[in-house]
>>> print(open('query_17.txt').read())   # compact mmCIF, C-alpha atoms
# COMPACT_ATOMS: atom_id res chain seq x y z
CA MET A 20 11.97 -21.80 6.83
CA ASP A 21 9.74 -23.14 4.09
CA ALA A 22 6.53 -21.53 2.93
CA ARG A 23 3.30 -23.42 3.49
CA LEU A 24 2.36 -22.93 -0.16
CA ASN A 25 4.45 -22.30 -3.24
CA TYR A 26 2.46 -19.72 -5.17
CA PHE A 27 4.79 -20.05 -8.16
CA ALA A 28 4.07 -23.80 -8.52
CA SER A 29 0.30 -23.53 -8.18
CA PRO A 30 -1.76 -23.25 -11.37
CA THR A 31 -4.61 -21.64 -9.40
CA ALA A 32 -2.33 -19.09 -7.79
CA GLY A 33 -0.56 -18.48 -11.09
CA LYS A 34 -3.82 -17.58 -12.82
CA ALA A 35 -5.21 -15.42 -10.03
CA LEU A 36 -1.99 -13.70 -8.96
CA LYS A 37 -1.11 -12.74 -12.53
CA TYR A 38 -4.05 -10.35 -12.50
CA PHE A 39 -3.66 -9.36 -8.89
CA MET A 40 0.01 -8.44 -9.27
CA SER A 41 -0.83 -6.31 -12.30
CA VAL A 42 -2.54 -3.97 -9.81
CA GLY A 43 0.81 -3.44 -8.13
CA ARG A 44 2.47 -2.66 -11.46
CA GLU A 45 -0.26 -0.16 -12.34
CA LEU A 46 0.10 1.56 -8.96
CA LYS A 47 3.84 2.02 -9.62
CA GLU A 48 2.83 4.10 -12.65
CA SER A 49 0.28 6.18 -10.73
CA PRO A 50 0.78 9.88 -9.96
CA LEU A 51 1.42 9.10 -6.27
CA PRO A 52 5.13 9.85 -5.70
CA ALA A 53 7.31 6.73 -5.77
CA THR A 54 8.93 7.62 -2.44
CA THR A 55 5.51 7.90 -0.80
CA GLN A 56 4.50 4.57 -2.30
CA GLU A 57 7.51 2.78 -0.81
CA LEU A 58 7.12 4.43 2.60
CA VAL A 59 3.42 3.50 2.74
CA ALA A 60 4.06 -0.08 1.55
CA LEU A 61 6.79 -0.46 4.16
CA ARG A 62 4.71 0.97 7.01
CA VAL A 63 1.65 -1.15 6.20
CA SER A 64 3.90 -4.22 6.08
CA GLN A 65 5.47 -3.33 9.44
CA ILE A 66 2.06 -2.98 11.07
CA ASN A 67 0.96 -6.35 9.68
CA GLY A 68 4.27 -8.06 10.46
CA CYS A 69 4.85 -9.20 6.88
CA ALA A 70 8.57 -9.97 6.82
CA VAL A 71 8.78 -10.69 3.10
CA CYS A 72 7.15 -7.35 2.23
CA ILE A 73 9.31 -5.47 4.74
CA ASP A 74 12.35 -7.05 3.08
CA MET A 75 11.12 -6.13 -0.40
CA HIS A 76 10.08 -2.55 0.27
CA THR A 77 13.12 -1.70 2.38
CA LYS A 78 15.40 -2.86 -0.43
CA GLU A 79 13.33 -1.19 -3.17
CA ALA A 80 13.27 2.10 -1.26
CA ALA A 81 17.02 1.99 -0.61
CA ALA A 82 17.73 1.22 -4.27
CA ALA A 83 15.57 4.21 -5.24
CA GLY A 84 17.76 6.43 -3.07
CA GLU A 85 15.84 6.47 0.20
CA SER A 86 18.14 7.26 3.12
CA PRO A 87 18.90 4.72 5.85
CA VAL A 88 17.80 7.28 8.45
CA ARG A 89 14.30 7.57 6.99
CA LEU A 90 14.02 3.81 6.53
CA ASN A 91 15.06 3.23 10.13
CA LEU A 92 12.62 5.84 11.44
CA ILE A 93 9.52 4.88 9.46
CA ALA A 94 8.16 2.80 12.36
CA ALA A 95 8.29 5.93 14.56
CA TRP A 96 7.40 8.50 11.89
CA ARG A 97 5.29 10.64 14.24
CA GLU A 98 8.33 11.52 16.35
CA ALA A 99 10.78 11.78 13.43
CA THR A 100 11.61 15.09 11.78
CA VAL A 101 12.71 13.56 8.46
CA PHE A 102 9.28 13.15 6.83
CA THR A 103 7.37 15.83 4.93
CA GLU A 104 3.86 16.88 5.90
CA ALA A 105 2.55 15.14 2.78
CA GLU A 106 4.33 11.91 3.74
CA ARG A 107 2.98 12.18 7.28
CA ALA A 108 -0.55 12.56 5.92
CA ALA A 109 -0.10 9.49 3.71
CA LEU A 110 1.35 7.46 6.58
CA ALA A 111 -1.52 8.44 8.89
CA LEU A 112 -4.06 7.37 6.27
CA ALA A 113 -2.15 4.13 5.67
CA GLU A 114 -2.07 3.33 9.38
CA GLN A 115 -5.77 3.98 9.95
CA GLY A 116 -6.66 2.11 6.76
CA THR A 117 -4.60 -0.85 7.95
CA ARG A 118 -5.78 -0.86 11.56
CA VAL A 119 -9.48 -1.03 10.64
CA ALA A 120 -10.18 -3.87 13.06
CA ASP A 121 -8.27 -2.11 15.86
CA ALA A 122 -10.02 1.23 15.52
CA ALA A 123 -13.35 -0.06 14.20
CA THR A 124 -13.93 3.37 12.69
CA GLY A 125 -11.74 3.26 9.60
CA VAL A 126 -10.07 6.44 8.40
CA SER A 127 -11.18 9.52 10.34
CA ASP A 128 -12.41 12.67 8.61
CA ASP A 129 -9.42 14.56 10.03
CA VAL A 130 -6.88 12.12 8.58
CA TRP A 131 -8.69 12.12 5.23
CA ALA A 132 -8.78 15.93 5.15
CA ARG A 133 -5.04 16.16 5.87
CA ALA A 134 -4.29 13.71 3.06
CA ALA A 135 -6.58 15.64 0.71
CA GLN A 136 -4.59 18.82 1.44
CA HIS A 137 -1.47 17.20 -0.03
CA TYR A 138 -2.75 14.86 -2.74
CA ASP A 139 -5.16 15.36 -5.61
CA GLU A 140 -8.00 12.93 -6.31
CA GLU A 141 -5.92 10.63 -8.55
CA GLN A 142 -3.15 10.48 -5.98
CA LEU A 143 -5.65 9.80 -3.18
CA THR A 144 -7.18 7.04 -5.28
CA ALA A 145 -3.73 5.50 -5.78
CA LEU A 146 -3.00 5.84 -2.05
CA VAL A 147 -6.23 4.07 -1.05
CA LEU A 148 -5.64 1.33 -3.62
CA LEU A 149 -2.03 0.92 -2.44
CA VAL A 150 -3.04 0.57 1.22
CA SER A 151 -5.68 -2.00 0.27
CA PHE A 152 -3.31 -3.84 -2.08
CA MET A 153 -0.55 -4.02 0.53
CA ASN A 154 -2.91 -5.32 3.19
CA THR A 155 -4.00 -8.11 0.84
CA VAL A 156 -0.44 -9.00 -0.19
CA ASN A 157 0.63 -9.00 3.46
CA ARG A 158 -2.13 -11.45 4.30
CA LEU A 159 -1.26 -13.76 1.40
CA ASN A 160 2.33 -13.88 2.64
CA ILE A 161 1.59 -14.12 6.37
CA ILE A 162 -0.99 -16.92 6.05
CA THR A 163 1.45 -19.05 4.05
CA GLN A 164 4.56 -18.00 6.02
CA GLN A 165 6.54 -16.80 3.02
CA PRO A 166 10.21 -16.51 4.07
CA ALA A 167 12.05 -13.19 3.94
CA GLY A 168 15.61 -12.12 3.26
CA ASP A 169 16.30 -13.26 -0.28
CA TYR A 170 14.46 -10.55 -2.21
CA GLN A 171 16.46 -8.93 -5.01
CA VAL A 172 15.59 -5.38 -6.14
CA GLY A 173 13.26 -5.46 -9.15
CA GLN A 174 12.52 -9.17 -8.73
CA PHE A 175 8.75 -8.79 -9.16
CA HIS A 176 8.61 -5.76 -11.47
>>> encode(input="query_17.txt", output="structure tokens")
Amino acid sequence: MDARLNYFASPTAGKALKYFMSVGRELKESPLPATTQELVALRVSQINGCAVCIDMHTKEAAAAGESPVRLNLIAAWREATVFTEAERAALALAEQGTRVADAATGVSDDVWARAAQHYDEEQLTALVLLVSFMNTVNRLNIITQQPAGDYQVGQFH
């Protein structure tokens, strides 16, 4: 499978994505726990069907020590006993923030309140930015049919 566009060969993409991808690097340094970041990135990518991001975040999470059980259960996190309450709150916010068009209401007050019980304002800010960032990256990859499977851990960091 070949991508519709080669972002690495495009001067326009090179200029724009240099700044855009710096957001992702800054989020990695945020106070939101790294494990939570990978779980959220993976779940958002699953919802959107972004194969290249699923490939990337599964491999990054595994390399960071995430267990295969948790990675395999992330799609069914509500029924799984392996996630903390804080992770569940982050995943609920990520799902509602991603399914905006489906729900038409955005993130509910209840989901926001649960997330705010577990994360301080800086962490919540990072979480909201991460969900938004991942949704944008997913769309860039889906629209251009970027192929998945070849990602190497640390390739874009």
>>> atom_distance(input="query_17.txt", atom1="atom CA of A:Leu51", atom2="atom CA of A:Glu98")
23.8 Å
>>> closest_residue(input="query_17.txt", among="A:Ala120, A:Val101, A:Leu146, A:Ala111", to="A:Val88", atoms="only C-alpha atoms")
A:Val101
>>> residues_near_point(input="query_17.txt", point="(16.9, 10.1, 2.1)", cutoff="12 Å", atoms="only C-alpha atoms", output="number ranges by chain")
A: 54-55, 58, 80-93, 101-103
>>> residues_around(input="query_17.txt", residues="A:Ala105", least_positions_apart="4", cutoff="9 Å", atoms="all atoms listed in the file", output="PyMOL selection string")
chain A and resi 55+109-110+133-134+136-138
>>> residues_around(input="query_17.txt", residues="A:Gln115", least_positions_apart="4", cutoff="9 Å", atoms="only C-alpha atoms", output="list in words")
Leu110, Ala111, Val119, Asp121, Ala122, Thr124, Gly125, Val126, Ser127 and Val130 of chain A
>>> closest_residue(input="query_17.txt", among="A:Tyr38, A:Tyr26, A:Trp131, A:Phe175", to="A:Leu159", atoms="only C-alpha atoms")
A:Tyr26
>>> axis_aligned_box(input="query_17.txt", around="stretch 76-86 of chain A", padding_each_side="4 Å", output="lines of an AutoDock Vina configuration file")
center_x = 14.1
center_y = 2.2
center_z = -1.1
size_x = 16.1
size_y = 18.1
size_z = 16.4
>>> atom_distance(input="query_17.txt", atom1="atom CA of A:Ile161", atom2="atom CA of A:Ala70")
8.1 Å
>>> atom_distance(input="query_17.txt", atom1="atom CA of A:Lys78", atom2="atom CA of A:Thr155")
20.1 Å
>>> closest_residue(input="query_17.txt", among="A:Ile66, A:Asp129, A:Asn157, A:Asp21", to="A:Thr117", atoms="only C-alpha atoms")
A:Ile66
>>> residues_near_point(input="query_17.txt", point="(2.7, -6.6, 8.7)", cutoff="10 Å", atoms="all atoms listed in the file", output="ChimeraX atom specification")
/A:60-73,117,153-154,156-158,160-161
>>> closest_residue(input="query_17.txt", among="A:Ser49, A:Thr77, A:Asn25, A:Ala132", to="A:Val172", atoms="only C-alpha atoms")
A:Thr77
>>> closest_residue(input="query_17.txt", among="A:Met75, A:Leu46, A:Val59, A:Ala99", to="A:Gly116", atoms="all atoms listed in the file")
A:Val59
>>> residues_around(input="query_17.txt", residues="A:Phe27", least_positions_apart="6", cutoff="12 Å", atoms="all atoms listed in the file", output="MDAnalysis selection string")
chainID A and resid 33:37 165 175
